[in-house]
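Next up, input_23.cif (mmCIF, C-alpha atoms):
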```cif
data_my_file
loop_
_atom_site.label_atom_id
_atom_site.label_comp_id
_atom_site.auth_asym_id
_atom_site.auth_seq_id
_atom_site.Cartn_x
_atom_site.Cartn_y
_atom_site.Cartn_z
CA MET A 179 -85.68 64.60 50.78
CA ILE A 180 -85.87 68.34 51.54
CA ARG A 181 -82.60 70.25 51.52
CA ASN A 182 -82.09 73.57 53.28
CA ARG A 183 -80.24 75.60 50.68
CA LEU A 184 -78.64 78.71 52.13
CA ARG A 185 -76.78 81.65 50.69
CA LYS A 186 -75.44 84.91 52.03
CA TRP A 187 -77.64 87.98 51.88
CA THR A 188 -77.00 90.52 49.18
CA ALA A 189 -77.73 94.24 49.25
CA PHE A 190 -80.91 93.52 47.26
CA ASP A 191 -82.07 91.06 49.95
CA PHE A 192 -81.66 93.74 52.65
CA ILE A 193 -83.68 96.23 50.59
CA GLU A 194 -86.38 93.66 49.87
CA ALA A 195 -86.67 92.68 53.55
CA PHE A 196 -86.82 96.36 54.57
CA LEU A 197 -89.61 97.06 52.08
CA TYR A 198 -91.61 94.04 53.29
CA ALA A 199 -91.20 95.14 56.92
CA ALA A 200 -92.15 98.74 56.06
CA ALA A 201 -95.27 97.56 54.19
CA ILE A 202 -96.37 95.35 57.10
CA GLY A 203 -95.71 98.16 59.58
CA LEU A 204 -97.72 100.60 57.45
CA ILE A 205 -100.69 98.22 57.26
CA ILE A 206 -100.62 97.71 61.05
CA ARG A 207 -100.31 101.47 61.65
CA VAL A 208 -103.12 102.49 59.27
CA PHE A 209 -105.67 99.72 59.78
CA ILE A 210 -104.98 97.90 63.05
CA VAL A 211 -103.16 99.87 65.78
CA THR A 212 -102.70 103.64 66.19
CA PRO A 213 -100.44 105.23 68.82
CA TYR A 214 -101.60 108.27 70.81
CA LYS A 215 -100.03 110.46 73.49
CA VAL A 216 -102.16 111.62 76.43
CA GLU A 217 -101.83 115.28 77.45
CA ASP A 218 -104.31 115.60 80.34
CA ASN A 219 -105.70 113.68 83.30
CA ASP A 220 -109.36 113.64 82.27
CA MET A 221 -109.34 109.82 82.38
CA SER A 222 -107.29 109.47 85.56
CA PRO A 223 -106.48 107.00 87.04
CA ALA A 224 -107.15 104.69 84.07
CA ILE A 225 -105.09 106.95 81.77
CA LEU A 226 -102.60 109.57 82.91
CA ALA A 227 -100.98 112.57 81.26
CA GLY A 228 -97.75 111.32 79.74
CA ASP A 229 -99.14 107.91 78.81
CA TYR A 230 -98.49 106.63 75.29
CA LEU A 231 -101.34 104.42 74.12
CA PHE A 232 -101.88 101.64 71.63
CA VAL A 233 -105.44 101.89 70.25
CA TYR A 234 -107.06 98.95 68.46
CA ASP A 235 -108.61 100.46 65.32
CA LEU A 236 -110.68 97.42 64.30
CA ALA A 237 -112.61 97.23 67.60
CA PHE A 238 -115.71 98.80 66.02
CA GLY A 239 -115.14 97.77 62.40
CA LEU A 240 -112.95 98.87 59.52
CA SER A 241 -113.12 102.58 58.70
CA SER A 242 -114.21 103.30 55.14
CA PRO A 243 -111.86 105.69 53.29
CA PHE A 244 -114.87 107.12 51.43
CA SER A 245 -117.29 107.87 54.29
CA ASN A 246 -117.71 107.95 58.08
CA LYS A 247 -119.33 104.51 57.99
CA LYS A 248 -117.71 101.38 59.42
CA ILE A 249 -117.33 98.18 57.41
CA GLY A 250 -118.34 95.18 59.52
CA ARG A 251 -119.49 97.50 62.31
CA LYS A 252 -119.24 96.18 65.87
CA ARG A 253 -121.02 97.68 68.84
CA PRO A 254 -119.19 99.13 71.85
CA HIS A 255 -119.87 97.87 75.36
CA GLN A 256 -120.45 99.76 78.58
CA GLY A 257 -117.09 100.39 80.24
CA ASP A 258 -115.03 100.43 77.03
CA VAL A 259 -112.31 103.09 77.05
CA VAL A 260 -112.40 104.54 73.56
CA ILE A 261 -110.92 107.25 71.36
CA VAL A 262 -113.51 109.78 70.19
CA LYS A 263 -113.17 112.13 67.25
CA VAL A 264 -114.39 115.48 68.57
CA SER A 265 -113.73 117.77 65.60
CA THR A 266 -115.25 117.66 62.14
CA ASP A 267 -111.88 117.93 60.42
CA GLY A 268 -110.65 114.86 62.33
CA ASP A 269 -107.57 116.39 63.96
CA GLN A 270 -108.74 116.38 67.61
CA PHE A 271 -109.30 113.24 69.63
CA GLU A 272 -110.25 112.51 73.23
CA ALA A 273 -110.12 109.37 75.38
CA LYS A 274 -113.52 108.65 76.93
CA ARG A 275 -115.41 105.81 78.58
CA VAL A 276 -118.63 104.38 77.15
CA TRP A 277 -121.35 104.49 79.80
CA GLY A 278 -124.49 104.01 77.74
CA ILE A 279 -125.25 102.31 74.43
CA GLU A 280 -128.30 102.33 72.17
CA GLY A 281 -131.50 101.82 74.18
CA ASP A 282 -129.92 102.49 77.60
CA ARG A 283 -131.61 104.94 79.97
CA VAL A 284 -129.01 107.38 81.27
CA GLU A 285 -129.42 109.78 84.18
CA ILE A 286 -127.15 111.69 86.56
CA LYS A 287 -128.67 112.49 89.97
CA ASP A 288 -126.68 114.07 92.81
CA ASN A 289 -123.33 113.30 91.16
CA VAL A 290 -124.25 109.65 90.61
CA LEU A 291 -124.60 108.16 87.12
CA TYR A 292 -127.39 105.63 86.65
CA VAL A 293 -127.75 103.44 83.58
CA ASN A 294 -131.06 101.61 83.29
CA GLU A 295 -131.75 102.79 86.87
CA GLU A 296 -128.67 100.96 88.19
CA LYS A 297 -125.85 102.84 89.91
CA THR A 298 -122.56 102.74 87.99
CA SER A 299 -118.93 103.01 89.11
CA TRP A 300 -118.66 106.46 87.50
CA PRO A 301 -116.51 108.63 89.83
CA PRO A 302 -118.53 111.55 91.23
CA GLY A 303 -117.75 114.73 89.32
CA THR A 304 -119.28 118.18 89.27
CA VAL A 305 -122.27 117.21 87.14
CA THR A 306 -125.18 117.01 89.57
CA LYS A 307 -128.02 116.46 87.11
CA TYR A 308 -128.37 115.15 83.55
CA GLY A 309 -131.27 113.45 81.81
CA PRO A 310 -132.98 111.15 82.12
CA LEU A 311 -132.77 110.17 78.46
CA VAL A 312 -132.73 107.04 76.35
CA VAL A 313 -129.72 106.67 74.05
CA PRO A 314 -131.08 106.85 70.46
CA PRO A 315 -130.08 104.42 67.68
CA GLY A 316 -126.62 105.07 66.27
CA LEU A 317 -125.46 107.02 69.34
CA VAL A 318 -123.58 106.24 72.54
CA PHE A 319 -123.23 108.10 75.82
CA VAL A 320 -119.57 108.72 76.71
CA ALA A 321 -117.83 110.79 79.38
CA SER A 322 -114.44 111.30 80.97
CA ASP A 323 -113.85 109.60 84.30
CA THR A 324 -113.30 113.09 85.76
CA VAL A 325 -115.98 114.84 83.70
CA LYS A 326 -116.80 118.41 84.74
CA MET A 327 -119.59 119.05 82.27
CA ILE A 328 -121.68 117.22 79.69
CA ASN A 329 -120.67 118.92 76.46
CA ALA A 330 -120.68 117.07 73.14
CA ALA A 331 -118.15 119.55 71.73
CA GLN A 332 -115.67 118.18 74.30
CA GLY A 333 -116.61 114.58 73.56
CA ASN A 334 -118.86 114.15 76.61
CA GLY A 335 -122.48 113.13 76.26
CA LEU A 336 -124.29 111.68 73.26
CA ILE A 337 -122.10 111.15 70.20
CA ARG A 338 -122.38 109.15 67.00
CA GLU A 339 -120.95 105.64 67.06
CA SER A 340 -119.10 106.50 63.85
CA PHE A 341 -117.01 109.00 65.87
CA LEU A 342 -115.47 106.14 67.87
CA THR A 343 -112.15 105.51 66.16
CA GLY A 344 -110.96 102.60 68.32
CA ARG A 345 -110.70 100.97 71.73
CA VAL A 346 -107.76 101.83 73.99
CA TRP A 347 -105.73 98.65 74.41
CA ARG A 348 -102.50 99.23 76.35
CA VAL A 349 -100.14 101.86 77.67
CA TRP A 350 -96.92 101.06 75.82
CA PHE A 351 -94.88 103.79 77.51
CA SER A 352 -95.46 106.38 80.23
CA THR A 353 -93.52 109.30 81.61
CA ALA A 354 -94.29 111.92 84.23
CA TRP A 355 -93.17 114.67 81.88
CA GLU A 356 -94.27 117.41 84.30
CA SER A 357 -91.94 116.02 86.96
CA LYS A 358 -88.97 118.14 88.08
CA ALA A 359 -86.71 115.08 88.20
CA GLN A 360 -83.16 115.60 87.01
CA SER A 361 -83.02 112.79 84.45
CA PHE A 362 -85.44 111.48 81.85
CA TRP A 363 -85.21 107.90 83.14
CA SER A 364 -86.36 108.93 86.60
CA THR A 365 -89.60 110.26 85.09
CA VAL A 366 -90.49 106.94 83.45
CA ARG A 367 -93.46 105.18 85.07
CA TRP A 368 -92.05 101.69 84.72
CA GLU A 369 -95.08 100.06 86.36
CA ARG A 370 -97.35 101.39 83.57
CA ILE A 371 -95.37 100.06 80.61
CA PHE A 372 -97.60 97.59 78.72
CA HIS A 373 -100.30 98.18 81.33
CA ARG A 374 -103.71 97.09 80.05
CA VAL A 375 -106.33 99.85 80.17
CA HIS A 376 -109.67 99.06 81.80
#
```
In structure tokens, write the structure found in this file.
Amino acid sequence: MIRNRLRKWTAFDFIEAFLYAAAIGLIIRVFIVTPYKVEDNDMSPAILAGDYLFVYDLAFGLSSPFSNKKIGRKRPHQGDVVIVKVSTDGDQFEAKRVWGIEGDRVEIKDNVLYVNEEKTSWPPGTVTKYGPLVVPPGLVFVASDTVKMINAAQGNGLIRESFLTGRVWRVWFSTAWESKAQSFWSTVRWERIFHRVH
């Protein structure tokens, strides 16, 4: 017979439970999910300025602490909304959408993006012509949904797959912080909380 033996918590039990919770939270934060805050509308309407994002870090494999390579690398798919590292020192990130993967033929003609000669849902921007080109091995073609120019320094265009740090998962909080509303709560976009990003 199994007996449920109970006792009251001691101060040591509280400390032990706190340390376990902190360790689990640290593992999730470092290896699984990273939060980001959005400061512009380059990915509007999918992502808005004032959105707080959860990004799934394991979407493209586990980042190696010793190199830019991914352990158990997984390939992105067309349409994925991703976080791109756009600076060599790793302190600047941009949200972008993957439009072309290795082997895809990418071309912009008259503000329309074609992938493998098929018209995409890419919103017309100010880029009237780009390509055609075939995405080389190890690279992907990414761009903002409101892209104004194809510039790899801004995270648009051909970039290395290793610069993809994760896939945007959900908006966990959102506020119209530029609003002139009188109270903080009136700026909260309640309809976007835990909204899944597509």
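Those residues that approach A:Tyr234 to within 8 Å, counting only C-alpha atoms, are A:Ile210, A:Val211, A:Thr212, A:Ala237, A:Gly344, A:Arg345, A:Val346, A:Trp347; same-chain residues fewer than 3 positions away are not listed.
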- Matched chain/residue IDs from the PyMOL selection byres ((chain A and resi 320) around 10), as a PyMOL selection string: chain A and resi 256-260+262+273-279+317-319+321-323+325+328+330+333-337
- Task: Name the residues in contact with A:Gly309 at a cut-off of 9 Å, using all atoms listed in the file, excluding same-chain residues fewer than 6 positions from it; report them as a PyMOL selection string.
- Result: chain A and resi 283-287
- Name all residues at most 12 Å from A:Pro223 (count only C-alpha atoms; drop same-chain ones fewer than 5 positions away) and give them as a ChimeraX atom specification. /A:218,229,301,322-324,370,375-376
Would you mind exporting the chosen residues as an mmCIF file, in the coordinates of the input, restricted to C-alpha atoms?
```cif
data_model
loop_
_atom_site.group_PDB
_atom_site.id
_atom_site.type_symbol
_atom_site.label_atom_id
_atom_site.label_comp_id
_atom_site.auth_asym_id
_atom_site.auth_seq_id
_atom_site.Cartn_x
_atom_site.Cartn_y
_atom_site.Cartn_z
ATOM 1 C CA ASP A 218 -104.310 115.600 80.340
ATOM 2 C CA ASP A 229 -99.140 107.910 78.810
ATOM 3 C CA PRO A 301 -116.510 108.630 89.830
ATOM 4 C CA SER A 322 -114.440 111.300 80.970
ATOM 5 C CA ASP A 323 -113.850 109.600 84.300
ATOM 6 C CA THR A 324 -113.300 113.090 85.760
ATOM 7 C CA ARG A 370 -97.350 101.390 83.570
ATOM 8 C CA VAL A 375 -106.330 99.850 80.170
ATOM 9 C CA HIS A 376 -109.670 99.060 81.800
#
```
- Note on the structure: note - atom CA of A:Phe232 and atom CA of A:Pro302 are separated by 27.6 Å
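Coordinates place atom CA of A:Val349 at a distance of 13.6 Å from atom CA of A:Ile261.
Taking atom CA of A:Tyr308 and atom CA of A:Thr343 as endpoints, the distance between them is 25.7 Å.
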- Message: On this structure, the PyMOL selection byres ((chain A and resi 253) around 9) would catch which residues? List them as a ChimeraX atom specification, sorted by chain and number.
- Response: /A:237-239,251-252,254-255,279,339
